[in-house]
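Listing of work.tsv; format and content: TSV, C-alpha atoms.
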chain	number	residue	atom	x	y	z
A	309	MET	CA	76.50	80.18	102.77
A	310	TYR	CA	79.43	78.08	104.04
A	311	ALA	CA	81.90	80.44	102.34
A	312	TYR	CA	80.49	83.39	104.31
A	313	VAL	CA	80.79	81.41	107.55
A	314	VAL	CA	84.43	80.58	106.68
A	315	ALA	CA	85.11	84.32	106.14
A	316	GLY	CA	83.61	85.19	109.54
A	317	TRP	CA	85.48	82.35	111.22
A	318	LEU	CA	88.83	83.47	109.71
A	319	LEU	CA	88.27	87.01	110.99
A	320	LEU	CA	87.47	85.83	114.52
A	321	VAL	CA	90.21	83.20	114.72
A	322	GLY	CA	92.79	85.73	113.48
A	323	ALA	CA	91.66	88.26	116.09
A	324	PHE	CA	91.82	85.55	118.76
A	325	GLY	CA	95.41	84.83	117.70
A	326	ILE	CA	96.35	88.49	118.07
A	327	VAL	CA	94.74	88.71	121.53
A	328	ARG	CA	96.62	85.72	122.93
A	329	SER	CA	99.85	86.39	121.03
A	330	ARG	CA	103.18	86.24	122.85
A	331	ASN	CA	105.26	87.19	119.82
A	332	LEU	CA	104.95	90.21	117.54
A	333	ILE	CA	105.80	88.18	114.40
A	334	HIS	CA	103.03	85.74	115.37
A	335	ALA	CA	100.66	88.70	115.79
A	336	VAL	CA	101.52	89.99	112.30
A	337	VAL	CA	100.77	86.56	110.81
A	338	CYS	CA	97.46	86.49	112.73
A	339	LEU	CA	96.59	89.86	111.20
A	340	SER	CA	97.24	88.34	107.77
A	341	VAL	CA	94.73	85.60	108.67
A	342	CYS	CA	92.17	88.30	109.55
A	343	GLN	CA	92.83	90.03	106.23
A	344	SER	CA	92.41	86.79	104.30
A	345	SER	CA	88.83	86.62	105.58
A	346	THR	CA	88.07	89.62	103.37
A	347	TYR	CA	89.42	87.77	100.30
A	348	VAL	CA	87.12	84.83	101.02
A	349	LEU	CA	84.14	87.12	101.59
A	350	LEU	CA	84.73	89.15	98.39
A	351	LEU	CA	85.26	86.09	96.20
A	352	ALA	CA	82.23	84.33	97.74
A	353	ILE	CA	80.01	87.32	96.94
A	354	GLY	CA	81.15	87.28	93.30
A	355	TYR	CA	80.80	83.53	92.83
A	356	GLN	CA	78.26	81.99	90.50
A	357	SER	CA	77.69	78.24	90.27
A	358	HIS	CA	79.08	76.61	87.10
A	359	ALA	CA	80.57	79.91	85.88
A	360	THR	CA	84.19	80.20	84.76
A	361	ALA	CA	86.97	82.73	85.40
A	362	PRO	CA	86.39	86.21	83.89
A	363	VAL	CA	89.16	85.87	81.30
A	364	PHE	CA	87.92	85.38	77.74
A	365	ALA	CA	89.93	83.27	75.29
A	366	SER	CA	89.32	80.95	72.37
A	367	THR	CA	87.90	78.33	74.75
A	368	VAL	CA	85.86	80.89	76.73
A	369	PRO	CA	83.52	82.77	74.35
A	370	THR	CA	82.34	86.22	75.41
A	371	ARG	CA	78.79	84.92	75.99
A	372	ALA	CA	80.04	82.36	78.54
A	373	LYS	CA	78.92	82.69	82.15
A	374	VAL	CA	81.74	84.18	84.26
A	375	VAL	CA	82.06	85.03	87.95
A	376	ASP	CA	82.11	88.68	89.08
A	377	PRO	CA	85.43	90.31	88.02
A	378	VAL	CA	84.84	93.46	90.09
A	379	VAL	CA	85.24	91.68	93.43
A	380	GLN	CA	88.25	89.80	92.04
A	381	ALA	CA	89.91	93.12	91.19
A	382	MET	CA	89.10	94.35	94.70
A	383	THR	CA	90.64	91.18	96.14
A	384	LEU	CA	93.83	91.90	94.21
A	385	THR	CA	93.93	95.41	95.71
A	386	ASP	CA	93.25	93.87	99.10
A	387	ILE	CA	96.18	91.44	98.79
A	388	VAL	CA	98.56	94.24	97.77
A	389	VAL	CA	97.49	96.42	100.70
A	390	SER	CA	97.78	93.43	103.05
A	391	ALA	CA	101.34	92.73	101.83
A	392	THR	CA	102.41	96.36	102.33
A	393	VAL	CA	100.91	96.43	105.84
A	394	THR	CA	102.70	93.17	106.70
A	395	ALA	CA	106.02	94.58	105.45
A	396	LEU	CA	105.66	97.75	107.53
A	397	LEU	CA	104.63	95.83	110.67
A	398	LEU	CA	107.57	93.42	110.32
A	399	ALA	CA	109.95	96.39	109.99
A	400	LEU	CA	108.43	97.85	113.16
A	401	ALA	CA	108.85	94.48	114.91
A	402	ILE	CA	112.56	94.49	113.98
A	403	GLN	CA	112.96	97.99	115.45
A	404	ILE	CA	111.13	96.97	118.65
A	405	ALA	CA	113.33	93.88	119.00
A	406	LYS	CA	116.42	96.09	118.62
A	407	ARG	CA	115.35	98.73	121.13
A	408	HIS	CA	113.59	96.65	123.78
A	409	HIS	CA	115.30	93.28	123.25
A	410	THR	CA	111.94	91.48	123.30
A	411	VAL	CA	109.16	90.63	120.85
A	412	ASP	CA	106.60	89.71	123.50
A	413	PRO	CA	103.88	92.39	123.43
A	414	ASP	CA	103.15	91.75	127.12
A	415	ASP	CA	106.65	92.94	128.00
A	416	LEU	CA	106.17	96.21	126.13
A	417	SER	CA	103.96	97.90	128.72
A	418	SER	CA	106.27	100.77	129.64
A	419	LEU	CA	106.89	103.76	127.41
A	420	HIS	CA	110.51	104.37	126.52
A	421	GLY	CA	111.75	107.64	125.11
B	877	MET	CA	95.22	93.89	132.04
B	878	THR	CA	95.96	90.25	132.76
B	879	ARG	CA	95.76	87.64	130.02
B	880	ALA	CA	92.67	86.06	131.60
B	881	THR	CA	90.71	89.35	131.62
B	882	ARG	CA	91.83	90.08	128.09
B	883	LEU	CA	90.65	86.69	126.84
B	884	ALA	CA	87.32	87.06	128.68
B	885	LEU	CA	86.82	90.49	127.13
B	886	PHE	CA	87.69	89.07	123.72
B	887	ALA	CA	85.19	86.23	124.16
B	888	VAL	CA	82.37	88.73	124.82
B	889	ALA	CA	83.39	90.96	121.89
B	890	ALA	CA	83.87	88.01	119.52
B	891	ALA	CA	80.46	86.56	120.42
B	892	GLY	CA	78.87	89.95	119.70
B	893	LEU	CA	80.72	90.30	116.40
B	894	ALA	CA	79.78	86.73	115.42
B	895	VAL	CA	76.08	87.53	115.96
B	896	LEU	CA	76.36	90.73	113.88
B	897	LEU	CA	78.27	88.93	111.09
B	898	GLY	CA	75.66	86.16	111.08
B	899	ALA	CA	72.85	88.71	110.73
B	900	ALA	CA	74.76	90.49	107.94
B	901	PHE	CA	75.54	87.25	106.06
B	902	ALA	CA	71.85	86.22	106.23
B	903	ASP	CA	70.98	89.31	104.17
B	904	LEU	CA	73.66	88.73	101.51
B	905	PRO	CA	72.67	87.35	98.11
B	906	SER	CA	72.76	83.55	98.31
B	907	PHE	CA	76.09	81.91	97.44
B	908	GLY	CA	76.50	81.07	93.76
B	909	ALA	CA	73.42	82.98	92.59
B	910	ALA	CA	73.18	84.16	88.98
B	911	ARG	CA	72.46	87.85	89.58
B	912	HIS	CA	75.64	89.97	89.37
B	913	PRO	CA	74.82	93.45	87.98
B	914	TYR	CA	78.38	94.74	88.43
B	915	ARG	CA	79.73	91.69	86.60
B	916	ASP	CA	77.43	92.40	83.64
B	917	ALA	CA	78.52	96.05	83.50
B	918	ALA	CA	82.23	95.19	83.82
B	919	VAL	CA	82.08	92.48	81.13
B	920	THR	CA	80.28	94.81	78.70
B	921	SER	CA	82.85	97.55	79.29
B	922	ALA	CA	85.81	95.14	78.94
B	923	ILE	CA	84.51	93.77	75.63
B	924	ALA	CA	83.91	97.33	74.35
B	925	HIS	CA	87.60	98.09	75.11
B	926	HIS	CA	88.88	94.80	73.62
B	927	THR	CA	90.27	93.54	76.93
B	928	ALA	CA	90.06	89.74	77.26
B	929	ASN	CA	91.02	89.70	80.95
B	930	VAL	CA	88.07	91.45	82.59
B	931	VAL	CA	89.88	91.71	85.94
B	932	SER	CA	92.67	93.70	84.25
B	933	SER	CA	90.06	95.83	82.53
B	934	VAL	CA	88.52	96.69	85.91
B	935	ASN	CA	91.90	97.38	87.53
B	936	PHE	CA	93.61	99.32	84.74
B	937	ASP	CA	90.70	100.84	82.84
B	938	THR	CA	87.46	101.47	84.70
B	939	ARG	CA	89.03	101.60	88.18
B	940	ALA	CA	92.52	102.70	87.11
B	941	ILE	CA	92.55	105.66	89.48
B	942	ASP	CA	92.05	103.29	92.44
B	943	THR	CA	95.03	101.30	91.20
B	944	LEU	CA	97.05	104.52	91.21
B	945	GLY	CA	96.13	104.90	94.88
B	946	GLU	CA	97.13	101.28	95.49
B	947	GLU	CA	100.49	101.94	93.84
B	948	VAL	CA	101.06	104.97	96.05
B	949	ILE	CA	100.29	102.83	99.12
B	950	LEU	CA	102.95	100.37	97.95
B	951	LEU	CA	105.43	103.19	97.35
B	952	ALA	CA	104.72	104.66	100.80
B	953	SER	CA	105.20	101.28	102.44
B	954	VAL	CA	108.55	100.70	100.71
B	955	VAL	CA	109.73	104.18	101.76
B	956	GLY	CA	108.48	103.48	105.29
B	957	VAL	CA	110.33	100.16	105.54
B	958	ALA	CA	113.51	101.70	104.11
B	959	THR	CA	113.29	104.46	106.72
B	960	LEU	CA	112.59	102.09	109.61
B	961	LEU	CA	115.35	99.68	108.63
B	962	ARG	CA	118.12	102.18	107.84
B	963	ARG	CA	121.40	101.56	109.58
B	964	ALA	CA	121.26	102.93	113.12
B	965	GLU	CA	124.09	104.41	115.14
B	966	GLY	CA	126.55	101.82	116.31
B	967	GLU	CA	125.58	99.29	113.65
B	968	HIS	CA	128.09	98.11	111.11
B	969	GLN	CA	127.71	96.72	107.67
B	970	ARG	CA	129.52	93.42	107.38
B	971	ARG	CA	131.41	92.97	104.13
B	972	GLY	CA	131.50	89.78	102.15
B	973	ALA	CA	128.87	88.09	104.27
B	974	SER	CA	128.34	84.58	103.02
B	975	GLY	CA	125.81	82.06	104.22
B	976	GLY	CA	126.49	78.62	105.60
B	977	ARG	CA	126.88	75.44	103.58
B	978	VAL	CA	124.49	74.99	100.67
B	979	LEU	CA	123.74	71.65	99.04
B	980	GLU	CA	125.06	71.34	95.47
B	981	LEU	CA	121.58	70.30	94.36
B	982	THR	CA	120.03	73.45	95.89
B	983	LYS	CA	122.60	75.59	94.04
B	984	PHE	CA	121.90	73.79	90.79
B	985	ALA	CA	118.12	74.14	91.16
B	986	GLY	CA	118.50	77.80	92.15
B	987	TYR	CA	120.49	78.70	89.01
B	988	GLN	CA	118.19	76.57	86.84
B	989	MET	CA	115.05	78.24	88.12
B	990	LEU	CA	116.48	81.78	87.99
B	991	GLY	CA	116.15	82.19	84.22
B	992	VAL	CA	112.84	80.32	84.04
B	993	THR	CA	111.29	82.39	86.83
B	994	LEU	CA	112.40	85.71	85.35
B	995	LEU	CA	111.00	84.66	81.97
B	996	ILE	CA	107.66	83.66	83.53
B	997	GLY	CA	107.61	86.99	85.38
B	998	PHE	CA	108.05	88.99	82.16
B	999	ASP	CA	105.39	86.82	80.47
B	1000	VAL	CA	102.87	87.34	83.28
B	1001	VAL	CA	103.41	91.13	83.14
B	1002	ALA	CA	103.28	91.39	79.34
B	1003	HIS	CA	100.13	89.26	78.90
B	1004	GLY	CA	98.21	90.68	81.85
B	1005	HIS	CA	95.43	91.96	79.59
B	1006	VAL	CA	94.80	88.66	77.74
B	1007	THR	CA	95.53	85.92	80.30
B	1008	PRO	CA	95.32	85.73	84.10
B	1009	GLY	CA	98.08	87.83	85.58
B	1010	GLY	CA	99.27	91.40	85.31
B	1011	GLY	CA	101.73	93.90	86.71
B	1012	PHE	CA	101.22	93.09	90.37
B	1013	GLN	CA	101.46	89.32	90.03
B	1014	GLY	CA	104.29	89.38	87.47
B	1015	GLY	CA	106.20	91.98	89.46
B	1016	VAL	CA	106.22	89.75	92.52
B	1017	VAL	CA	107.35	86.76	90.42
B	1018	LEU	CA	110.22	88.84	88.98
B	1019	ALA	CA	111.31	90.12	92.38
B	1020	THR	CA	111.29	86.68	93.99
B	1021	GLY	CA	113.09	85.29	90.94
B	1022	PHE	CA	116.14	87.42	91.73
B	1023	HIS	CA	116.20	86.00	95.23
B	1024	LEU	CA	116.71	82.47	93.95
B	1025	LEU	CA	120.37	83.55	93.87
B	1026	TYR	CA	120.17	83.97	97.61
B	1027	VAL	CA	118.57	80.54	98.01
B	1028	ALA	CA	121.47	79.19	95.93
B	1029	GLY	CA	123.73	80.56	98.63
B	1030	ARG	CA	125.18	83.58	96.85
B	1031	TYR	CA	124.31	86.71	98.80
B	1032	GLY	CA	127.28	88.45	97.16
B	1033	ALA	CA	126.04	87.55	93.67
B	1034	LEU	CA	122.55	88.72	94.59
B	1035	GLU	CA	123.99	92.07	95.69
B	1036	ARG	CA	125.78	92.43	92.36
B	1037	LEU	CA	122.75	91.37	90.30
B	1038	ARG	CA	120.46	93.90	91.92
B	1039	PRO	CA	122.15	97.28	92.33
B	1040	LEU	CA	119.72	98.85	94.79
B	1041	PRO	CA	119.92	102.45	93.47
B	1042	ALA	CA	118.73	101.19	90.06
B	1043	PHE	CA	115.73	99.45	91.64
B	1044	GLU	CA	114.92	102.49	93.78
B	1045	LEU	CA	114.93	104.48	90.55
B	1046	GLY	CA	112.84	101.76	88.86
B	1047	GLU	CA	110.19	102.03	91.52
B	1048	ALA	CA	109.91	105.80	91.10
B	1049	ALA	CA	109.91	105.39	87.30
B	1050	GLY	CA	107.06	102.85	87.45
B	1051	ALA	CA	104.90	105.12	89.60
B	1052	THR	CA	105.73	108.14	87.41
B	1053	GLY	CA	104.93	106.15	84.26
B	1054	PHE	CA	101.51	105.21	85.64
B	1055	ALA	CA	100.71	108.79	86.64
B	1056	GLY	CA	102.09	110.05	83.30
B	1057	LEU	CA	99.84	107.72	81.28
B	1058	GLY	CA	96.98	109.10	83.35
B	1059	LEU	CA	97.94	112.65	82.40
B	1060	ALA	CA	98.14	111.60	78.73
B	1061	GLY	CA	94.54	110.36	79.01
B	1062	LEU	CA	93.56	113.69	80.55
B	1063	ALA	CA	95.24	115.66	77.77
B	1064	VAL	CA	93.88	113.60	74.86
B	1065	LEU	CA	90.43	112.42	76.02
B	1066	GLY	CA	89.73	114.76	78.92
B	1067	GLY	CA	89.63	112.01	81.56
B	1068	TYR	CA	92.46	111.09	83.94
B	1069	LEU	CA	93.67	107.54	83.10
B	1070	ALA	CA	91.17	107.29	80.23
B	1071	ASN	CA	92.03	104.43	77.86
B	1072	LEU	CA	93.80	106.13	74.92
B	1073	TRP	CA	93.21	103.62	72.12
B	1074	PRO	CA	90.84	100.87	73.30
B	1075	GLY	CA	91.09	98.96	70.02
B	1076	GLY	CA	93.13	96.07	68.71
B	1077	SER	CA	92.11	92.50	68.08
B	1078	PHE	CA	90.38	90.94	71.08
B	1079	GLY	CA	92.53	88.41	72.91
B	1080	GLN	CA	95.75	89.33	71.08
B	1081	LEU	CA	98.90	90.93	72.52
B	1082	LEU	CA	98.17	94.22	70.75
B	1083	SER	CA	94.78	95.05	72.26
B	1084	ALA	CA	93.19	96.77	75.23
B	1085	GLY	CA	94.99	100.09	74.60
B	1086	THR	CA	96.73	101.51	77.64
B	1087	VAL	CA	95.96	98.47	79.85
B	1088	PRO	CA	99.19	96.57	78.91
B	1089	LEU	CA	101.23	99.79	79.24
B	1090	LEU	CA	99.84	100.42	82.72
B	1091	ASN	CA	100.51	96.75	83.50
B	1092	ILE	CA	104.16	97.21	82.54
B	1093	ALA	CA	104.44	100.38	84.64
B	1094	VAL	CA	102.97	98.52	87.62
B	1095	GLY	CA	105.20	95.50	86.92
B	1096	ILE	CA	108.32	97.70	87.04
B	1097	GLU	CA	107.15	99.36	90.22
B	1098	VAL	CA	106.14	96.19	92.04
B	1099	ALA	CA	109.26	94.25	91.02
B	1100	SER	CA	111.51	97.14	92.11
B	1101	GLY	CA	109.52	97.76	95.28
B	1102	VAL	CA	109.59	94.13	96.41
B	1103	VAL	CA	113.33	93.87	95.60
B	1104	VAL	CA	114.03	96.96	97.73
B	1105	LEU	CA	111.80	95.62	100.55
B	1106	LEU	CA	113.44	92.19	100.60
B	1107	ALA	CA	116.89	93.80	100.34
B	1108	LYS	CA	116.24	95.84	103.48
B	1109	PHE	CA	115.07	92.77	105.40
B	1110	LEU	CA	117.96	90.61	104.15
B	1111	GLU	CA	120.41	93.36	105.08
B	1112	GLN	CA	119.06	93.29	108.64
B	1113	ALA	CA	119.40	89.53	108.85
B	1114	ILE	CA	122.77	89.11	107.14
B	1115	ALA	CA	124.89	92.18	106.70
B	1116	ILE	CA	124.24	94.37	109.74
B	1117	THR	CA	125.81	93.69	113.11
B	1118	ASP	CA	125.39	95.78	116.23
B	1119	GLY	CA	128.89	97.05	116.86
B	1120	GLY	CA	130.04	95.04	119.85
B	1121	VAL	CA	129.51	91.57	118.39
B	1122	GLU	CA	132.18	91.69	115.72

Would you mind writing the file's structure down as C-alpha cells?
Amino acid sequence: MYAYVVAGWLLLVGAFGIVRSRNLIHAVVCLSVCQSSTYVLLLAIGYQSHATAPVFASTVPTRAKVVDPVVQAMTLTDIVVSATVTALLLALAIQIAKRHHTVDPDDLSSLHG
Amino acid sequence: MTRATRLALFAVAAAGLAVLLGAAFADLPSFGAARHPYRDAAVTSAIAHHTANVVSSVNFDTRAIDTLGEEVILLASVVGVATLLRRAEGEHQRRGASGGRVLELTKFAGYQMLGVTLLIGFDVVAHGHVTPGGGFQGGVVLATGFHLLYVAGRYGALERLRPLPAFELGEAAGATGFAGLGLAGLAVLGGYLANLWPGGSFGQLLSAGTVPLLNIAVGIEVASGVVVLLAKFLEQAIAITDGGVE
C-alpha cells in the first residue's frame, strides 16, 4: 500500500512544483517527477513478495516465481515517452529564452507574434 | 492570476485529486499479492517462443506493434527538436569551439571509459533477449558513451567521431528495419510483426527469433536518435552565437 501512496505523492508534489515554478527548466524537471509516479504505480501493481525479476537463466528456472513483466514493459515505454517529452520541452524552453529573454513563466503573459 | 490565488486553487484541486487517488488505490489488488493473470500469460508465451527475458518478449513479440508506435514517437521527437533548434537568422556557427581547462585525470578517465562504455552498450543491445537490457537501454548507453569524448574536453573530436548525417541516416534505418521486419512477419505468417522463427535454445544468444533483430533495430535507432538530440543541444550551448556577441 505504501508504494501506491508514494506514487500519488510523487504526482501531487510534481504538480505542486510546476504550479509554483519560476523557471521553465525547473518546470520540465517537475513534470519528470510527475511522470515518475506512473513508473512507481506500474511497478507496484506488478510486484509480488519474494518473487524475482522476470528474466530466466540458469539460476532462475522457468517455474520460479517472477514479478509481472507486462507492467515492466509498459514502464519501459513510459520512460522512453517521458524522455522524448522532456527533450521537446527543453528545446521549446531554449526557443522561449531566445525570443523573450526570460525563462520565468510568469513573465510570459503577453502574446508575441 | 496572482501566485497566491494559483496556489490556493492548486491546494483545492490537489486535495480533491488526493481523495480520488486514495479511493482508487483502496480498490487495487493488495501490494505484493500472488495473483497476476497477465504475468502468467506473458511468461507462458515467452517460454513458448524461447525468450528468456520476458520483458523483451512482451516488448518485441506480443506487444511489438506498440513498440513500433513508441519508436515513431521517439523519431517524431528527434525531428521536432532538430526543427526547433535549427540555426535561426542572425546566429552564427562558431568554428573550433573548445571548452575550458580540463583536468588530466578527467581526460584519462574519459578516454578509458569510452571503449568500455561502447562495448557494454553493444553487449546490452545484443543480449536483450536473454539478460536484462535491450535496444532502448543499450542504445542510450551507446549514445552517452560517445559523449565521454566531450566530458574529456574534446568537442572537436566528438564532432569528428559522430558525423551527424550518418546518425540521422542510422535513425531512419533503425525505424525502417523495425517496420520492415514487421512486414516480413506479415508476408510469411500473416501477422504484422509476428515472430518469424521463435525457436533456438532457451537462454542462448541464438534464440527468441526476431526479438534480437528487433532489439538491434531499436538499438540503432535509439543510439542515433539520442546522439542527434544531444548534438542539437550541445550545438546550442557551445557552437552557436547570436551574431552581435562575436

List as a tab-separated table (two decimals) with C-alpha atoms, keeping the file's coordinate frame the protein and nucleic acid residues near Ala952 of chain B, meaning an atom at most 12 Å away when all atoms listed in the file are counted, but skip any in the same chain fewer than 6 places from it.
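So selection.tsv came out as:
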chain	number	residue	atom	x	y	z
A	389	VAL	CA	97.49	96.42	100.70
A	392	THR	CA	102.41	96.36	102.33
A	393	VAL	CA	100.91	96.43	105.84
A	395	ALA	CA	106.02	94.58	105.45
A	396	LEU	CA	105.66	97.75	107.53
B	945	GLY	CA	96.13	104.90	94.88
B	946	GLU	CA	97.13	101.28	95.49
B	958	ALA	CA	113.51	101.70	104.11
B	959	THR	CA	113.29	104.46	106.72
B	1047	GLU	CA	110.19	102.03	91.52
B	1048	ALA	CA	109.91	105.80	91.10
B	1051	ALA	CA	104.90	105.12	89.60
B	1101	GLY	CA	109.52	97.76	95.28
B	1105	LEU	CA	111.80	95.62	100.55

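Candidate residues B:Gly898, B:Gly908, B:Gly1056, B:Gly1085 were compared for distance to Val375 of chain A, and the nearest is B:Gly908, using all atoms listed in the file.
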
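Distance annotation: of A:Asp415, A:Asp386, A:Ala391, A:Arg407, the residue with the minimal separation from Leu351 of chain A is A:Asp386; atom set is only C-alpha atoms.
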
Quick check: residues of chain B within 8 Å of chain A, only C-alpha atoms, returned as JSON, numbers by chain. {"B": [879, 882, 883, 886, 890, 894, 897, 898, 901, 904, 905, 906, 907, 908, 909, 910, 912, 914, 915, 918, 919, 923, 928, 929, 930, 931, 932, 934, 935, 943, 946, 949, 950, 953, 954, 956, 957, 960, 961, 1006, 1007, 1008, 1012, 1079, 1105, 1109]}

I need the residues from that last selection saved to file as a PDB file, in the coordinates of the input (with C-alpha atoms), if you can.
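Contents of the output file result-v5.pdb:
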ATOM      1  CA  ARG B 879      95.760  87.640 130.020  1.00  0.00           C
ATOM      2  CA  ARG B 882      91.830  90.080 128.090  1.00  0.00           C
ATOM      3  CA  LEU B 883      90.650  86.690 126.840  1.00  0.00           C
ATOM      4  CA  PHE B 886      87.690  89.070 123.720  1.00  0.00           C
ATOM      5  CA  ALA B 890      83.870  88.010 119.520  1.00  0.00           C
ATOM      6  CA  ALA B 894      79.780  86.730 115.420  1.00  0.00           C
ATOM      7  CA  LEU B 897      78.270  88.930 111.090  1.00  0.00           C
ATOM      8  CA  GLY B 898      75.660  86.160 111.080  1.00  0.00           C
ATOM      9  CA  PHE B 901      75.540  87.250 106.060  1.00  0.00           C
ATOM     10  CA  LEU B 904      73.660  88.730 101.510  1.00  0.00           C
ATOM     11  CA  PRO B 905      72.670  87.350  98.110  1.00  0.00           C
ATOM     12  CA  SER B 906      72.760  83.550  98.310  1.00  0.00           C
ATOM     13  CA  PHE B 907      76.090  81.910  97.440  1.00  0.00           C
ATOM     14  CA  GLY B 908      76.500  81.070  93.760  1.00  0.00           C
ATOM     15  CA  ALA B 909      73.420  82.980  92.590  1.00  0.00           C
ATOM     16  CA  ALA B 910      73.180  84.160  88.980  1.00  0.00           C
ATOM     17  CA  HIS B 912      75.640  89.970  89.370  1.00  0.00           C
ATOM     18  CA  TYR B 914      78.380  94.740  88.430  1.00  0.00           C
ATOM     19  CA  ARG B 915      79.730  91.690  86.600  1.00  0.00           C
ATOM     20  CA  ALA B 918      82.230  95.190  83.820  1.00  0.00           C
ATOM     21  CA  VAL B 919      82.080  92.480  81.130  1.00  0.00           C
ATOM     22  CA  ILE B 923      84.510  93.770  75.630  1.00  0.00           C
ATOM     23  CA  ALA B 928      90.060  89.740  77.260  1.00  0.00           C
ATOM     24  CA  ASN B 929      91.020  89.700  80.950  1.00  0.00           C
ATOM     25  CA  VAL B 930      88.070  91.450  82.590  1.00  0.00           C
ATOM     26  CA  VAL B 931      89.880  91.710  85.940  1.00  0.00           C
ATOM     27  CA  SER B 932      92.670  93.700  84.250  1.00  0.00           C
ATOM     28  CA  VAL B 934      88.520  96.690  85.910  1.00  0.00           C
ATOM     29  CA  ASN B 935      91.900  97.380  87.530  1.00  0.00           C
ATOM     30  CA  THR B 943      95.030 101.300  91.200  1.00  0.00           C
ATOM     31  CA  GLU B 946      97.130 101.280  95.490  1.00  0.00           C
ATOM     32  CA  ILE B 949     100.290 102.830  99.120  1.00  0.00           C
ATOM     33  CA  LEU B 950     102.950 100.370  97.950  1.00  0.00           C
ATOM     34  CA  SER B 953     105.200 101.280 102.440  1.00  0.00           C
ATOM     35  CA  VAL B 954     108.550 100.700 100.710  1.00  0.00           C
ATOM     36  CA  GLY B 956     108.480 103.480 105.290  1.00  0.00           C
ATOM     37  CA  VAL B 957     110.330 100.160 105.540  1.00  0.00           C
ATOM     38  CA  LEU B 960     112.590 102.090 109.610  1.00  0.00           C
ATOM     39  CA  LEU B 961     115.350  99.680 108.630  1.00  0.00           C
ATOM     40  CA  VAL B1006      94.800  88.660  77.740  1.00  0.00           C
ATOM     41  CA  THR B1007      95.530  85.920  80.300  1.00  0.00           C
ATOM     42  CA  PRO B1008      95.320  85.730  84.100  1.00  0.00           C
ATOM     43  CA  PHE B1012     101.220  93.090  90.370  1.00  0.00           C
ATOM     44  CA  GLY B1079      92.530  88.410  72.910  1.00  0.00           C
ATOM     45  CA  LEU B1105     111.800  95.620 100.550  1.00  0.00           C
ATOM     46  CA  PHE B1109     115.070  92.770 105.400  1.00  0.00           C
TER      47      PHE B1109
END

Quick one: residues within 10 Å of Gly997 of chain B, only C-alpha atoms counted, chain neighbours fewer than 3 positions away excluded, as a PyMOL selection string? chain B and resi 991-994+1000-1002+1009-1011+1013-1021+1095+1099

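In this model, the gap between atom CA of Gln988 of chain B and atom CA of Arg1036 of chain B comes to 18.4 Å.
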
Got a sec: who's within 10 Å of segment 1057-1064 of chain B, counting only C-alpha atoms, leaving out chain neighbours fewer than 3 positions off, as a compact mmCIF listing (two decimals) with C-alpha atoms, keeping the file's coordinate frame?
# COMPACT_ATOMS: atom_id res chain seq x y z
CA ALA B 940 92.52 102.70 87.11
CA ILE B 941 92.55 105.66 89.48
CA LEU B 944 97.05 104.52 91.21
CA THR B 1052 105.73 108.14 87.41
CA GLY B 1053 104.93 106.15 84.26
CA PHE B 1054 101.51 105.21 85.64
CA GLY B 1067 89.63 112.01 81.56
CA TYR B 1068 92.46 111.09 83.94
CA LEU B 1069 93.67 107.54 83.10
CA ALA B 1070 91.17 107.29 80.23
CA ASN B 1071 92.03 104.43 77.86
CA LEU B 1072 93.80 106.13 74.92
CA TRP B 1073 93.21 103.62 72.12
CA THR B 1086 96.73 101.51 77.64
CA LEU B 1089 101.23 99.79 79.24
CA LEU B 1090 99.84 100.42 82.72
CA ALA B 1093 104.44 100.38 84.64

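The shortest atom-to-atom distance to Phe984 of chain B, with all atoms listed in the file taken into account, belongs to B:Arg1030 out of B:His1003, B:Arg1030, B:Leu951, B:Arg963.
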
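The space between atom CA of Asn331 of chain A and atom CA of Asp412 of chain A spans 4.7 Å.
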
Output as a PDB file, keeping the file's coordinate frame: segment 1086-1096 of chain B, completed with N, CA and C atoms.
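Writing the result to out.pdb gives the following:
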ATOM      1  N   THR B1086      95.733 101.174  76.631  1.00  0.00           N
ATOM      2  CA  THR B1086      96.730 101.510  77.640  1.00  0.00           C
ATOM      3  C   THR B1086      96.832 100.448  78.739  1.00  0.00           C
ATOM      4  N   VAL B1087      95.924  99.465  78.764  1.00  0.00           N
ATOM      5  CA  VAL B1087      95.960  98.470  79.850  1.00  0.00           C
ATOM      6  C   VAL B1087      97.321  97.766  79.923  1.00  0.00           C
ATOM      7  N   PRO B1088      97.872  97.221  78.789  1.00  0.00           N
ATOM      8  CA  PRO B1088      99.190  96.570  78.910  1.00  0.00           C
ATOM      9  C   PRO B1088     100.292  97.550  79.311  1.00  0.00           C
ATOM     10  N   LEU B1089     100.205  98.818  78.852  1.00  0.00           N
ATOM     11  CA  LEU B1089     101.230  99.790  79.240  1.00  0.00           C
ATOM     12  C   LEU B1089     101.183 100.052  80.743  1.00  0.00           C
ATOM     13  N   LEU B1090      99.970 100.208  81.282  1.00  0.00           N
ATOM     14  CA  LEU B1090      99.840 100.420  82.720  1.00  0.00           C
ATOM     15  C   LEU B1090     100.320  99.183  83.473  1.00  0.00           C
ATOM     16  N   ASN B1091     100.033  97.990  82.899  1.00  0.00           N
ATOM     17  CA  ASN B1091     100.510  96.750  83.500  1.00  0.00           C
ATOM     18  C   ASN B1091     102.026  96.741  83.608  1.00  0.00           C
ATOM     19  N   ILE B1092     102.695  97.199  82.522  1.00  0.00           N
ATOM     20  CA  ILE B1092     104.160  97.210  82.540  1.00  0.00           C
ATOM     21  C   ILE B1092     104.673  98.204  83.579  1.00  0.00           C
ATOM     22  N   ALA B1093     104.031  99.387  83.638  1.00  0.00           N
ATOM     23  CA  ALA B1093     104.440 100.380  84.640  1.00  0.00           C
ATOM     24  C   ALA B1093     104.310  99.794  86.044  1.00  0.00           C
ATOM     25  N   VAL B1094     103.173  99.128  86.301  1.00  0.00           N
ATOM     26  CA  VAL B1094     102.970  98.520  87.620  1.00  0.00           C
ATOM     27  C   VAL B1094     103.973  97.400  87.846  1.00  0.00           C
ATOM     28  N   GLY B1095     104.235  96.598  86.786  1.00  0.00           N
ATOM     29  CA  GLY B1095     105.200  95.500  86.920  1.00  0.00           C
ATOM     30  C   GLY B1095     106.565  96.015  87.334  1.00  0.00           C
ATOM     31  N   ILE B1096     107.018  97.116  86.684  1.00  0.00           N
ATOM     32  CA  ILE B1096     108.320  97.700  87.040  1.00  0.00           C
ATOM     33  C   ILE B1096     108.291  98.158  88.492  1.00  0.00           C
TER      34      ILE B1096
END
